[in-house]
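What follows is the content of input_18.pdb (PDB, C-alpha atoms).
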```pdb
ATOM      1  CA  MET A1456      25.601  -6.661 -85.367
ATOM      2  CA  SER A1457      29.298  -6.783 -84.588
ATOM      3  CA  HIS A1458      31.755  -9.009 -86.447
ATOM      4  CA  LYS A1459      34.295 -10.815 -84.262
ATOM      5  CA  ILE A1460      37.353 -12.472 -85.825
ATOM      6  CA  ASP A1461      39.994 -14.546 -84.050
ATOM      7  CA  ALA A1462      43.312 -12.698 -84.295
ATOM      8  CA  ASN A1463      45.177 -16.020 -84.551
ATOM      9  CA  ALA A1464      42.989 -17.404 -87.352
ATOM     10  CA  MET A1465      43.459 -14.238 -89.433
ATOM     11  CA  ARG A1466      47.235 -14.664 -89.334
ATOM     12  CA  LEU A1467      47.501 -18.341 -90.293
ATOM     13  CA  MET A1468      50.447 -18.901 -92.653
ATOM     14  CA  LEU A1469      51.641 -15.323 -91.963
ATOM     15  CA  SER A1470      52.878 -15.204 -88.368
ATOM     16  CA  LYS A1471      50.892 -18.233 -87.117
ATOM     17  CA  ASP A1472      50.946 -21.914 -88.013
ATOM     18  CA  TRP A1473      48.385 -24.715 -87.766
ATOM     19  CA  LYS A1474      48.225 -26.433 -84.371
ATOM     20  CA  SER A1475      47.251 -29.772 -85.955
ATOM     21  CA  LYS A1476      49.057 -30.914 -89.106
ATOM     22  CA  TRP A1477      47.549 -33.798 -91.083
ATOM     23  CA  PHE A1478      45.361 -34.544 -94.087
ATOM     24  CA  ALA A1479      42.282 -36.773 -94.345
ATOM     25  CA  LEU A1480      39.046 -37.118 -96.307
ATOM     26  CA  GLY A1481      35.479 -38.160 -95.512
ATOM     27  CA  GLN A1482      34.855 -40.187 -92.380
ATOM     28  CA  GLN A1483      38.574 -40.372 -91.609
ATOM     29  CA  TYR A1484      38.661 -36.584 -91.286
ATOM     30  CA  THR A1485      35.737 -36.655 -88.840
ATOM     31  CA  ASP A1486      37.340 -39.384 -86.728
ATOM     32  CA  GLN A1487      40.735 -37.685 -86.579
ATOM     33  CA  LEU A1488      39.213 -34.308 -85.731
ATOM     34  CA  ARG A1489      37.266 -35.910 -82.884
ATOM     35  CA  GLU A1490      40.479 -37.510 -81.592
ATOM     36  CA  ASP A1491      42.362 -34.200 -81.737
ATOM     37  CA  LEU A1492      39.648 -32.365 -79.813
ATOM     38  CA  ALA A1493      39.593 -35.095 -77.153
ATOM     39  CA  VAL A1494      43.389 -34.956 -76.738
ATOM     40  CA  VAL A1495      43.441 -31.156 -76.492
ATOM     41  CA  LYS A1496      40.691 -31.245 -73.839
ATOM     42  CA  LEU A1497      42.543 -33.950 -71.896
ATOM     43  CA  VAL A1498      45.863 -32.079 -71.924
ATOM     44  CA  GLU A1499      44.216 -28.771 -70.996
ATOM     45  CA  ASP A1500      42.486 -30.338 -67.994
ATOM     46  CA  SER A1501      45.625 -32.220 -66.895
ATOM     47  CA  LEU A1502      48.303 -29.527 -67.358
ATOM     48  CA  SER A1503      46.497 -26.262 -66.643
ATOM     49  CA  HIS A1504      48.416 -26.005 -63.347
ATOM     50  CA  ALA A1505      51.713 -26.166 -65.282
ATOM     51  CA  GLY A1506      50.993 -23.055 -67.365
ATOM     52  CA  LEU A1507      49.843 -24.705 -70.592
ATOM     53  CA  ASP A1508      50.549 -22.564 -73.654
ATOM     54  CA  ASP A1509      49.600 -24.827 -76.554
ATOM     55  CA  VAL A1510      48.969 -28.396 -77.731
ATOM     56  CA  LEU A1511      50.585 -29.283 -81.070
ATOM     57  CA  ILE A1512      49.635 -32.433 -83.014
ATOM     58  CA  ARG A1513      51.411 -33.887 -86.052
ATOM     59  CA  ARG A1514      50.178 -36.994 -87.867
ATOM     60  CA  SER A1515      51.629 -39.287 -90.495
ATOM     61  CA  GLU A1516      50.248 -42.584 -91.788
ATOM     62  CA  ARG A1517      51.286 -44.678 -88.776
ATOM     63  CA  LYS A1518      52.583 -42.119 -86.267
ATOM     64  CA  VAL A1519      51.225 -39.307 -84.103
ATOM     65  CA  GLU A1520      53.349 -36.751 -82.248
ATOM     66  CA  VAL A1521      51.766 -34.636 -79.487
ATOM     67  CA  ASP A1522      53.691 -31.730 -77.928
ATOM     68  CA  ALA A1523      52.420 -30.015 -74.780
ATOM     69  CA  VAL A1524      54.027 -26.568 -74.587
ATOM     70  CA  VAL A1525      54.098 -25.452 -70.936
ATOM     71  CA  ALA A1526      55.721 -22.790 -68.767
ATOM     72  CA  LYS A1527      56.581 -25.219 -65.935
ATOM     73  CA  PRO A1528      57.812 -28.513 -67.409
ATOM     74  CA  GLY A1529      58.910 -29.828 -64.023
ATOM     75  CA  VAL A1530      55.383 -29.487 -62.657
ATOM     76  CA  ALA A1531      53.948 -31.165 -65.768
ATOM     77  CA  ILE A1532      56.337 -34.130 -65.608
ATOM     78  CA  GLY A1533      55.704 -34.724 -61.904
ATOM     79  CA  ARG A1534      57.789 -36.561 -59.332
ATOM     80  CA  GLY A1535      59.779 -39.296 -61.012
ATOM     81  CA  GLY A1536      57.939 -38.702 -64.284
ATOM     82  CA  GLN A1537      54.760 -40.331 -62.988
ATOM     83  CA  GLY A1538      52.462 -37.510 -64.008
ATOM     84  CA  ILE A1539      53.584 -37.458 -67.620
ATOM     85  CA  GLU A1540      53.551 -41.254 -67.893
ATOM     86  CA  GLN A1541      49.909 -41.436 -66.815
ATOM     87  CA  LEU A1542      48.947 -38.671 -69.222
ATOM     88  CA  GLU A1543      50.797 -40.398 -72.065
ATOM     89  CA  LYS A1544      48.820 -43.615 -71.441
ATOM     90  CA  LYS A1545      45.535 -41.697 -71.659
ATOM     91  CA  VAL A1546      46.641 -40.025 -74.900
ATOM     92  CA  LYS A1547      47.536 -43.414 -76.409
ATOM     93  CA  ARG A1548      44.064 -44.750 -75.541
ATOM     94  CA  ILE A1549      42.504 -41.935 -77.590
ATOM     95  CA  PHE A1550      44.794 -42.694 -80.570
ATOM     96  CA  LYS A1551      44.188 -46.446 -80.243
ATOM     97  CA  SER A1552      44.125 -46.955 -84.028
ATOM     98  CA  VAL A1553      47.677 -45.546 -84.427
ATOM     99  CA  PRO A1554      50.576 -47.914 -83.630
ATOM    100  CA  ASP A1555      53.160 -45.238 -82.745
ATOM    101  CA  VAL A1556      52.113 -42.382 -80.436
ATOM    102  CA  GLN A1557      54.751 -40.035 -79.001
ATOM    103  CA  PHE A1558      53.921 -37.518 -76.280
ATOM    104  CA  LYS A1559      56.393 -34.990 -74.907
ATOM    105  CA  VAL A1560      56.513 -31.809 -72.857
ATOM    106  CA  VAL A1561      58.166 -28.715 -74.358
ATOM    107  CA  GLU A1562      59.080 -25.604 -72.383
ATOM    108  CA  VAL A1563      57.783 -22.279 -73.702
ATOM    109  CA  LYS A1564      60.585 -19.749 -74.210
ATOM    110  CA  LYS A1565      58.848 -16.605 -72.904
ATOM    111  CA  PRO A1566      55.758 -17.459 -70.824
ATOM    112  CA  ASP A1567      55.059 -13.790 -70.006
ATOM    113  CA  LEU A1568      54.399 -13.186 -73.738
ATOM    114  CA  SER A1569      51.900 -16.037 -74.114
ATOM    115  CA  ALA A1570      48.271 -14.908 -74.266
ATOM    116  CA  SER A1571      47.114 -18.413 -73.317
ATOM    117  CA  ILE A1572      49.257 -18.523 -70.170
ATOM    118  CA  ILE A1573      48.242 -14.982 -69.163
ATOM    119  CA  ALA A1574      44.537 -15.797 -69.619
ATOM    120  CA  GLY A1575      44.957 -19.013 -67.620
ATOM    121  CA  GLU A1576      46.698 -17.205 -64.757
ATOM    122  CA  ILE A1577      43.997 -14.520 -64.662
ATOM    123  CA  ALA A1578      41.284 -17.204 -64.661
ATOM    124  CA  GLY A1579      42.983 -18.921 -61.731
ATOM    125  CA  GLY A1580      43.273 -15.612 -59.884
ATOM    126  CA  LEU A1581      39.565 -14.876 -60.378
ATOM    127  CA  GLN A1582      38.696 -18.289 -58.987
ATOM    128  CA  ARG A1583      40.787 -17.389 -55.918
ATOM    129  CA  ARG A1584      38.723 -14.169 -55.587
ATOM    130  CA  MET A1585      41.529 -11.806 -56.551
ATOM    131  CA  PRO A1586      40.539  -8.360 -57.942
ATOM    132  CA  PRO A1587      40.344  -8.488 -61.770
ATOM    133  CA  LYS A1588      41.807  -4.982 -62.173
ATOM    134  CA  LEU A1589      44.876  -5.883 -60.112
ATOM    135  CA  LEU A1590      45.347  -9.125 -62.091
ATOM    136  CA  ALA A1591      45.059  -7.413 -65.480
ATOM    137  CA  LEU A1592      47.463  -4.588 -64.643
ATOM    138  CA  SER A1593      49.971  -6.996 -63.097
ATOM    139  CA  TYR A1594      50.161  -9.263 -66.163
ATOM    140  CA  ILE A1595      50.247  -6.306 -68.556
ATOM    141  CA  GLN A1596      53.298  -5.008 -66.728
ATOM    142  CA  LYS A1597      54.990  -8.428 -66.822
ATOM    143  CA  ALA A1598      54.379  -8.761 -70.570
ATOM    144  CA  ILE A1599      55.751  -5.285 -71.298
ATOM    145  CA  GLN A1600      58.854  -6.025 -69.230
ATOM    146  CA  ALA A1601      59.299  -9.292 -71.157
ATOM    147  CA  GLY A1602      59.433  -7.402 -74.466
ATOM    148  CA  ALA A1603      55.820  -7.035 -75.643
ATOM    149  CA  LYS A1604      55.113  -3.888 -77.660
ATOM    150  CA  GLY A1605      51.476  -3.773 -76.573
ATOM    151  CA  VAL A1606      49.006  -5.724 -74.428
ATOM    152  CA  ARG A1607      45.220  -5.588 -74.153
ATOM    153  CA  ILE A1608      43.184  -7.474 -71.510
ATOM    154  CA  TRP A1609      39.400  -7.541 -71.172
ATOM    155  CA  VAL A1610      37.613  -9.146 -68.220
ATOM    156  CA  SER A1611      33.816  -9.453 -68.263
ATOM    157  CA  GLY A1612      31.473 -10.620 -65.526
ATOM    158  CA  ARG A1613      30.176  -9.522 -62.143
ATOM    159  CA  ILE A1614      33.174  -7.330 -61.337
ATOM    160  CA  ASN A1615      33.711  -6.873 -57.561
ATOM    161  CA  GLY A1616      30.452  -8.688 -56.821
ATOM    162  CA  ALA A1617      28.196  -6.267 -58.722
ATOM    163  CA  GLN A1618      24.675  -7.445 -59.529
ATOM    164  CA  GLN A1619      25.021  -6.532 -63.205
ATOM    165  CA  ALA A1620      27.838  -7.873 -65.360
ATOM    166  CA  ARG A1621      30.159  -5.439 -67.146
ATOM    167  CA  VAL A1622      33.490  -5.383 -68.961
ATOM    168  CA  ILE A1623      36.695  -3.809 -67.717
ATOM    169  CA  LYS A1624      39.322  -3.038 -70.358
ATOM    170  CA  HIS A1625      43.000  -2.432 -69.674
ATOM    171  CA  SER A1626      45.742  -1.914 -72.235
ATOM    172  CA  GLN A1627      49.221  -0.545 -72.668
ATOM    173  CA  GLY A1628      50.954   0.185 -75.948
ATOM    174  CA  PRO A1629      49.597  -0.419 -79.474
ATOM    175  CA  VAL A1630      47.683  -3.566 -80.513
ATOM    176  CA  PRO A1631      47.198  -3.232 -84.329
ATOM    177  CA  LEU A1632      44.575  -5.908 -84.966
ATOM    178  CA  HIS A1633      44.017  -4.815 -88.588
ATOM    179  CA  THR A1634      47.706  -5.155 -89.506
ATOM    180  CA  LEU A1635      48.151  -8.753 -90.665
ATOM    181  CA  ARG A1636      51.946  -8.675 -90.522
ATOM    182  CA  ALA A1637      51.764  -7.786 -86.807
ATOM    183  CA  ASP A1638      52.555 -10.826 -84.633
ATOM    184  CA  ILE A1639      49.617 -10.785 -82.218
ATOM    185  CA  ASP A1640      48.894 -13.658 -79.845
ATOM    186  CA  PHE A1641      45.232 -13.973 -78.779
ATOM    187  CA  CYS A1642      43.370 -16.132 -76.280
ATOM    188  CA  ALA A1643      39.797 -16.176 -74.956
ATOM    189  CA  ARG A1644      39.009 -18.167 -71.809
ATOM    190  CA  ASP A1645      36.257 -18.626 -69.215
ATOM    191  CA  ALA A1646      36.630 -18.732 -65.444
ATOM    192  CA  ASN A1647      33.900 -20.365 -63.348
ATOM    193  CA  THR A1648      33.725 -18.898 -59.846
ATOM    194  CA  VAL A1649      31.781 -20.143 -56.838
ATOM    195  CA  ASN A1650      29.732 -17.071 -55.915
ATOM    196  CA  LEU A1651      29.964 -14.730 -58.897
ATOM    197  CA  GLY A1652      29.251 -17.071 -61.798
ATOM    198  CA  LYS A1653      31.256 -17.134 -65.020
ATOM    199  CA  PHE A1654      33.868 -14.576 -66.087
ATOM    200  CA  GLY A1655      35.198 -14.103 -69.591
ATOM    201  CA  ILE A1656      38.838 -13.227 -70.250
ATOM    202  CA  LYS A1657      40.327 -12.005 -73.543
ATOM    203  CA  VAL A1658      44.031 -11.314 -73.972
ATOM    204  CA  TRP A1659      45.916  -9.800 -76.917
ATOM    205  CA  VAL A1660      49.737  -9.599 -76.870
ATOM    206  CA  TYR A1661      51.492  -7.654 -79.641
ATOM    207  CA  LYS A1662      55.000  -9.025 -80.070
ATOM    208  CA  SER A1663      56.378  -7.509 -83.281
ATOM    209  CA  GLU A1664      55.524  -6.383 -86.812
ATOM    210  CA  ASP A1665      57.701  -8.923 -88.611
ATOM    211  CA  ASN A1666      56.717 -12.531 -89.228
ATOM    212  CA  LYS A1667      60.279 -13.793 -89.503
TER     213      LYS A1667
END
```

Full structure transcribed into structure tokens:
Amino acid sequence: MSHKIDANAMRLMLSKDWKSKWFALGQQYTDQLREDLAVVKLVEDSLSHAGLDDVLIRRSERKVEVDAVVAKPGVAIGRGGQGIEQLEKKVKRIFKSVPDVQFKVVEVKKPDLSASIIAGEIAGGLQRRMPPKLLALSYIQKAIQAGAKGVRIWVSGRINGAQQARVIKHSQGPVPLHTLRADIDFCARDANTVNLGKFGIKVWVYKSEDNK
């Protein structure tokens, strides 16, 4: 049996940080975890079209800060700020027990180096019936041009309409998964298509060896 480990989880406190920062015990921990999961799901569904990279949550005793890191902040905010205002109201309903809830949109510095954004773009392309090989090679090239040292993309499913599912693997440059000091961004995502069922996408982006 194979052993699969999340490349991000292995590097927590080395080159990665926690996405939710707070402390709680007992039932309070359960309630706050449930709220965090609901907010992340809400933001992912609402801002996927804006190139969502991450959702960061910070809690104190009477305050919650939620940052949506996106590639296209203008698309996320919407015309006249209406889109972000509606999303902020929904977030505040989830954190109804907290008096001060702040929600803001943050622009990602290099979207072509984000595994989450790359996986999301590939998922959208598969849903538009684009060839998975062309998508993978295109985003690998963009990431390398943006400064990545290595990129690996796997796409699994009924490739090109085949009856039996398989996995296509494309990579360029090194991706040292066993080197903990290596700054590797990882994302796994599903894409539901109309005629070909579900596809799985995995993306690894190797940025550097230093965790500075």

What does the structure give for the distance between CA of Leu1497 (chain A) and CA of Lys1597 (chain A), in Å to one decimal? 28.8 Å

By how many Å are CA of Lys1565 (chain A) and CA of Val1495 (chain A) apart? 21.5 Å

Report, as AutoDock Vina command-line options, the centre and edge lengths in Å (one decimal) of the axis-aligned box enclosing every listed atom of region 1477-1489 of chain A, padded by 8 Å on each side.
```
--center_x 41.2 --center_y -37.1 --center_z -89.6 --size_x 28.7 --size_y 22.6 --size_z 29.4
```

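You will find CA of His1625 (chain A) at 20.4 Å from CA of Arg1583 (chain A).
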
Expansion of the PyMOL selection byres ((chain A and resi 1639) around 7) into residues, as a PDB file with C-alpha atoms, in the coordinates of the input:
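Listed below is the output, selection.pdb:
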```
ATOM      1  CA  ALA A1462      43.312 -12.698 -84.295  1.00  0.00           C
ATOM      2  CA  ALA A1637      51.764  -7.786 -86.807  1.00  0.00           C
ATOM      3  CA  ASP A1638      52.555 -10.826 -84.633  1.00  0.00           C
ATOM      4  CA  ASP A1640      48.894 -13.658 -79.845  1.00  0.00           C
ATOM      5  CA  PHE A1641      45.232 -13.973 -78.779  1.00  0.00           C
ATOM      6  CA  TRP A1659      45.916  -9.800 -76.917  1.00  0.00           C
ATOM      7  CA  VAL A1660      49.737  -9.599 -76.870  1.00  0.00           C
ATOM      8  CA  TYR A1661      51.492  -7.654 -79.641  1.00  0.00           C
ATOM      9  CA  LYS A1662      55.000  -9.025 -80.070  1.00  0.00           C
TER      10      LYS A1662
END
```

Distance query 10 Å from (53.3, -32.9, -83.7) using only C-alpha atoms, result as a VMD selection string: chain A and resid 1474 to 1477 1510 to 1515 1518 to 1523 1557 to 1559

When you count only C-alpha atoms, which of these residues is closest to Asp1461 (chain A): A:Ile1577, A:Val1560, A:Ala1643, A:Ile1656? A:Ala1643

Ranking A:Ser1626, A:Gln1619, A:Gln1582, A:Gln1482 by minimum distance to Ile1595 (chain A) and counting only C-alpha atoms, which one comes first? A:Ser1626

Surrounding residues of Asn1615 (chain A) excluding itself and chain neighbours under 5 positions, 9 Å, all atoms listed in the file, as a list in words: Pro1586, Pro1587 and Leu1651 of chain A

How would region 1546-1563 of chain A look with N, CA and C atoms restored, written as a tab-separated table (two decimals), in the frame of the given file?
```tsv
chain	number	residue	atom	x	y	z
A	1546	VAL	N	46.57	-40.50	-73.52
A	1546	VAL	CA	46.64	-40.02	-74.90
A	1546	VAL	C	46.68	-41.20	-75.87
A	1547	LYS	N	47.44	-42.24	-75.53
A	1547	LYS	CA	47.54	-43.41	-76.41
A	1547	LYS	C	46.20	-44.15	-76.52
A	1548	ARG	N	45.39	-44.12	-75.46
A	1548	ARG	CA	44.06	-44.75	-75.54
A	1548	ARG	C	43.18	-44.03	-76.55
A	1549	ILE	N	43.31	-42.69	-76.62
A	1549	ILE	CA	42.50	-41.94	-77.59
A	1549	ILE	C	42.95	-42.25	-79.02
A	1550	PHE	N	44.26	-42.35	-79.25
A	1550	PHE	CA	44.79	-42.69	-80.57
A	1550	PHE	C	45.01	-44.21	-80.68
A	1551	LYS	N	44.02	-44.99	-80.31
A	1551	LYS	CA	44.19	-46.45	-80.24
A	1551	LYS	C	44.39	-47.07	-81.62
A	1552	SER	N	43.98	-46.39	-82.68
A	1552	SER	CA	44.12	-46.96	-84.03
A	1552	SER	C	45.51	-46.69	-84.62
A	1553	VAL	N	46.35	-45.90	-83.93
A	1553	VAL	CA	47.68	-45.55	-84.43
A	1553	VAL	C	48.72	-46.35	-83.66
A	1554	PRO	N	49.60	-47.07	-84.34
A	1554	PRO	CA	50.58	-47.91	-83.63
A	1554	PRO	C	51.65	-47.15	-82.87
A	1555	ASP	N	52.06	-45.98	-83.36
A	1555	ASP	CA	53.16	-45.24	-82.74
A	1555	ASP	C	52.66	-43.86	-82.32
A	1556	VAL	N	52.55	-43.65	-80.99
A	1556	VAL	CA	52.11	-42.38	-80.44
A	1556	VAL	C	53.21	-41.85	-79.52
A	1557	GLN	N	53.69	-40.65	-79.81
A	1557	GLN	CA	54.75	-40.03	-79.00
A	1557	GLN	C	54.21	-38.77	-78.35
A	1558	PHE	N	54.39	-38.68	-77.03
A	1558	PHE	CA	53.92	-37.52	-76.28
A	1558	PHE	C	55.09	-36.93	-75.50
A	1559	LYS	N	55.29	-35.62	-75.62
A	1559	LYS	CA	56.39	-34.99	-74.91
A	1559	LYS	C	56.01	-33.59	-74.44
A	1560	VAL	N	56.73	-33.13	-73.43
A	1560	VAL	CA	56.51	-31.81	-72.86
A	1560	VAL	C	57.61	-30.88	-73.34
A	1561	VAL	N	57.22	-29.71	-73.84
A	1561	VAL	CA	58.17	-28.72	-74.36
A	1561	VAL	C	58.00	-27.44	-73.54
A	1562	GLU	N	59.13	-26.83	-73.17
A	1562	GLU	CA	59.08	-25.60	-72.38
A	1562	GLU	C	58.92	-24.39	-73.29
A	1563	VAL	N	57.97	-23.51	-72.94
A	1563	VAL	CA	57.78	-22.28	-73.70
A	1563	VAL	C	58.93	-21.32	-73.37
```
